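Here the structure is laid out as structure tokens; the discussion comes afterwards.
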Amino acid sequence: MLLSLAAVLAMPSDAQTSPDLPPQADGRRIQNVPPTEMWTRVTQCVVPVYPLLAEASHIYGIVNLGLCVSPKGDVANYRVLSGHPSLVKAAVSAVQQWKFEPKAGPACSRVRALVFFKPDETTAVALAAAVLADDFGDPGLPNVRTVEQMTDPARAVPRPATVPECQLDMQFY
């Protein structure tokens, strides 16, 4: 997976930044949105319950998810960019329940969710800038080439106090 991710990140960014790119299969274009702006649109935030098997095995780390939020405010699509396989399912289950304020226009809003599974067996979420270029000229993070750079907590924006408290994902268990 790391090799395929590196290949995607190494693609020439000029080929991805033209506003004349074709839309997604469902007709929507993609617009990268800064994490601080996306946090202002969050109406429902869910964090995963620590998976029991991962907890018993002392597995921890960061699951990095690329999100595409529909104009209606639902997580319309996601891509797992990195993360331990024992943690991914719980992270995806939680993040798919997120809701955002609707946004006018035909573009999906793209941002990353970083789901932290901590050694103390707690979880937290943050948002981070999209890695790939969008349809409107935003280059994403073209200088990021490794999983460590993509999941650097210094690049993440934690939930501001003005955003509703995140709830635990009780559907997962």
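To be explicit about the labels: the chains of the structure tokens are called A, B, and onward in the order shown, and within each one the residues are counted from 1, while ligands get numbers from 1 in the order they are shown.
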
Expected answer as a ChimeraX atom specification: helix (DSSP H, G or I) residues in chain A: /A:2-9,13-15,35-41,52-56,85-95,147-150,153-155

If you count only C-alpha atoms, which residues fall within 12 Å of Pro34 of chain A, apart from same-chain ones fewer than 5 positions away, as a ChimeraX atom specification? /A:39-41,109-113,127-131,138,140-141,155-157

With a distance cut-off of 6 Å and only C-alpha atoms, select the neighbouring residues of Lys99 of chain A, excluding the residue or stretch itself and same-chain residues fewer than 6 positions from it, and output the selection as a PyMOL selection string. chain A and resi 43-44+73-74

Could you please take those selected residues and save C-alpha atoms as a PDB file, in the first residue's frame?
ATOM      1  CA  THR A  43     -22.498  19.411  13.091  1.00  0.00           C
ATOM      2  CA  GLN A  44     -21.851  15.823  14.224  1.00  0.00           C
ATOM      3  CA  GLY A  73     -22.924  17.563   4.259  1.00  0.00           C
ATOM      4  CA  ASP A  74     -22.492  13.781   4.322  1.00  0.00           C
TER       5      ASP A  74
END

How many Å separate atom CA of Ile59 of chain A from atom CA of Tyr78 of chain A?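 Going from atom CA of Ile59 of chain A over to atom CA of Tyr78 of chain A covers 23.0 Å.
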
Hey, which of A:Thr146, A:Gln96, A:Ser86, A:Gln167 ends up closest to Ala54 of chain A? Count only C-alpha atoms.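 Between A:Thr146, A:Gln96, A:Ser86, A:Gln167, the residue approaching Ala54 of chain A most closely is A:Ser86.
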
Using only C-alpha atoms, pick whichever of A:Gln149, A:Gln31, A:Gln171, A:Asn77 has the shortest atom-to-atom distance to Val46 of chain A.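 With only C-alpha atoms as the atom set, the closest residue is A:Gln171.
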
So which residues of chain A fall under strand (DSSP E or B) by DSSP, listed as a ChimeraX atom specification? /A:29-32,42-44,46-47,61-69,74-82,99-100,107-117,123-128,157-158,167-168

With N, CA and C atoms retained, could you export that selection as a compact mmCIF listing (two decimals), in the first residue's frame?
# COMPACT_ATOMS: atom_id res chain seq x y z
N ARG A 29 -17.34 18.12 -8.86
CA ARG A 29 -15.92 18.43 -8.84
C ARG A 29 -15.45 18.37 -7.38
N ILE A 30 -14.15 18.41 -7.19
CA ILE A 30 -13.58 18.31 -5.85
C ILE A 30 -12.86 19.61 -5.51
N GLN A 31 -13.12 20.11 -4.30
CA GLN A 31 -12.45 21.32 -3.83
C GLN A 31 -11.81 21.04 -2.48
N ASN A 32 -10.49 21.26 -2.39
CA ASN A 32 -9.81 21.13 -1.11
C ASN A 32 -10.27 22.27 -0.20
N VAL A 42 -18.74 21.35 10.91
CA VAL A 42 -19.08 20.09 11.57
C VAL A 42 -20.31 20.27 12.45
N THR A 43 -21.32 19.41 12.23
CA THR A 43 -22.50 19.41 13.09
C THR A 43 -22.58 18.13 13.92
N GLN A 44 -21.90 17.07 13.47
CA GLN A 44 -21.85 15.82 14.22
C GLN A 44 -20.47 15.22 14.06
N VAL A 46 -17.96 12.02 15.46
CA VAL A 46 -17.95 10.72 16.13
C VAL A 46 -16.51 10.22 16.18
N VAL A 47 -16.09 9.73 17.33
CA VAL A 47 -14.77 9.11 17.45
C VAL A 47 -14.95 7.61 17.68
N GLY A 61 -1.70 3.97 16.95
CA GLY A 61 -1.19 4.72 15.82
C GLY A 61 -2.25 5.62 15.23
N ILE A 62 -1.99 6.12 14.03
CA ILE A 62 -2.87 7.08 13.38
C ILE A 62 -3.44 6.45 12.11
N VAL A 63 -4.75 6.58 11.94
CA VAL A 63 -5.40 6.19 10.69
C VAL A 63 -5.66 7.49 9.93
N ASN A 64 -5.16 7.56 8.73
CA ASN A 64 -5.23 8.75 7.88
C ASN A 64 -6.26 8.49 6.78
N LEU A 65 -7.36 9.26 6.79
CA LEU A 65 -8.44 9.06 5.83
C LEU A 65 -8.64 10.31 4.99
N GLY A 66 -8.67 10.15 3.68
CA GLY A 66 -9.05 11.24 2.80
C GLY A 66 -10.56 11.24 2.67
N LEU A 67 -11.20 12.37 2.95
CA LEU A 67 -12.66 12.47 2.92
C LEU A 67 -13.13 13.34 1.78
N CYS A 68 -14.25 12.97 1.20
CA CYS A 68 -14.95 13.81 0.25
C CYS A 68 -16.34 14.04 0.83
N VAL A 69 -16.63 15.28 1.22
CA VAL A 69 -17.90 15.63 1.84
C VAL A 69 -18.82 16.20 0.76
N ASP A 74 -22.80 15.15 3.93
CA ASP A 74 -22.49 13.78 4.32
C ASP A 74 -21.10 13.41 3.83
N VAL A 75 -20.47 12.45 4.51
CA VAL A 75 -19.21 11.90 4.00
C VAL A 75 -19.59 10.99 2.83
N ALA A 76 -19.40 11.51 1.62
CA ALA A 76 -19.84 10.80 0.42
C ALA A 76 -18.86 9.73 -0.01
N ASN A 77 -17.59 9.93 0.32
CA ASN A 77 -16.55 9.02 -0.13
C ASN A 77 -15.37 9.17 0.81
N TYR A 78 -14.57 8.12 0.91
CA TYR A 78 -13.35 8.18 1.71
C TYR A 78 -12.31 7.29 1.07
N ARG A 79 -11.06 7.54 1.42
CA ARG A 79 -9.96 6.68 1.00
C ARG A 79 -9.03 6.51 2.19
N VAL A 80 -8.70 5.27 2.50
CA VAL A 80 -7.74 4.99 3.56
C VAL A 80 -6.35 5.27 3.00
N LEU A 81 -5.67 6.26 3.57
CA LEU A 81 -4.33 6.62 3.10
C LEU A 81 -3.24 5.89 3.87
N SER A 82 -3.50 5.63 5.14
CA SER A 82 -2.55 4.86 5.95
C SER A 82 -3.21 4.50 7.27
N LYS A 99 -21.31 14.56 10.17
CA LYS A 99 -22.22 15.40 9.40
C LYS A 99 -21.65 16.82 9.38
N PHE A 100 -21.84 17.49 8.25
CA PHE A 100 -21.35 18.85 8.06
C PHE A 100 -22.51 19.72 7.58
N ALA A 107 -19.43 21.19 -5.87
CA ALA A 107 -18.16 20.57 -5.52
C ALA A 107 -18.24 19.79 -4.21
N CYS A 108 -17.57 18.64 -4.20
CA CYS A 108 -17.34 17.92 -2.94
C CYS A 108 -16.20 18.62 -2.23
N SER A 109 -16.29 18.72 -0.92
CA SER A 109 -15.23 19.32 -0.12
C SER A 109 -14.28 18.21 0.32
N ARG A 110 -12.97 18.40 0.06
CA ARG A 110 -11.99 17.36 0.41
C ARG A 110 -11.12 17.84 1.54
N VAL A 111 -10.94 16.97 2.51
CA VAL A 111 -10.11 17.21 3.68
C VAL A 111 -9.69 15.83 4.19
N ARG A 112 -8.72 15.79 5.08
CA ARG A 112 -8.32 14.51 5.68
C ARG A 112 -8.74 14.47 7.13
N ALA A 113 -9.12 13.28 7.58
CA ALA A 113 -9.37 13.03 9.00
C ALA A 113 -8.23 12.17 9.52
N LEU A 114 -7.62 12.61 10.59
CA LEU A 114 -6.59 11.82 11.27
C LEU A 114 -7.23 11.28 12.55
N VAL A 115 -7.29 9.97 12.66
CA VAL A 115 -7.88 9.34 13.83
C VAL A 115 -6.74 8.76 14.65
N PHE A 116 -6.59 9.27 15.86
CA PHE A 116 -5.49 8.90 16.74
C PHE A 116 -5.95 7.82 17.71
N PHE A 117 -5.29 6.67 17.66
CA PHE A 117 -5.48 5.61 18.63
C PHE A 117 -4.24 5.68 19.52
N THR A 123 -9.01 7.54 22.12
CA THR A 123 -9.01 7.94 20.72
C THR A 123 -9.31 9.42 20.61
N ALA A 124 -8.89 10.01 19.50
CA ALA A 124 -9.16 11.42 19.22
C ALA A 124 -9.14 11.59 17.70
N VAL A 125 -9.72 12.69 17.24
CA VAL A 125 -9.72 12.98 15.81
C VAL A 125 -9.24 14.41 15.58
N ALA A 126 -8.68 14.62 14.40
CA ALA A 126 -8.27 15.95 13.96
C ALA A 126 -8.48 15.99 12.45
N LEU A 127 -8.53 17.18 11.90
CA LEU A 127 -8.61 17.33 10.45
C LEU A 127 -7.29 17.89 9.95
N ALA A 128 -6.96 17.56 8.71
CA ALA A 128 -5.71 18.02 8.10
C ALA A 128 -5.97 18.32 6.63
N VAL A 157 -5.33 19.78 12.74
CA VAL A 157 -6.09 20.80 13.46
C VAL A 157 -7.09 20.07 14.35
N PRO A 158 -6.88 20.10 15.68
CA PRO A 158 -7.81 19.41 16.58
C PRO A 158 -9.16 20.12 16.62
N GLN A 167 -18.91 12.31 19.80
CA GLN A 167 -19.54 11.20 20.49
C GLN A 167 -18.77 9.92 20.20
N LEU A 168 -18.88 8.94 21.08
CA LEU A 168 -18.26 7.63 20.84
C LEU A 168 -19.11 6.84 19.85

Excluding same-chain residues fewer than 4 positions from Pro71 of chain A, what lies within 7 Å of it counting only C-alpha atoms, as a PyMOL selection string? chain A and resi 102-108

Quote the spacing between atom CA of Lys118 of chain A and atom CA of Val33 of chain A in Å to one decimal place.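 Pair atom CA of Lys118 of chain A / atom CA of Val33 of chain A returns 26.8 Å.
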
May I ask for the distance between atom CA of Glu121 of chain A and atom CA of Glu55 of chain A, given in Å to one decimal place?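 Here the two named atoms are 6.5 Å from each other.
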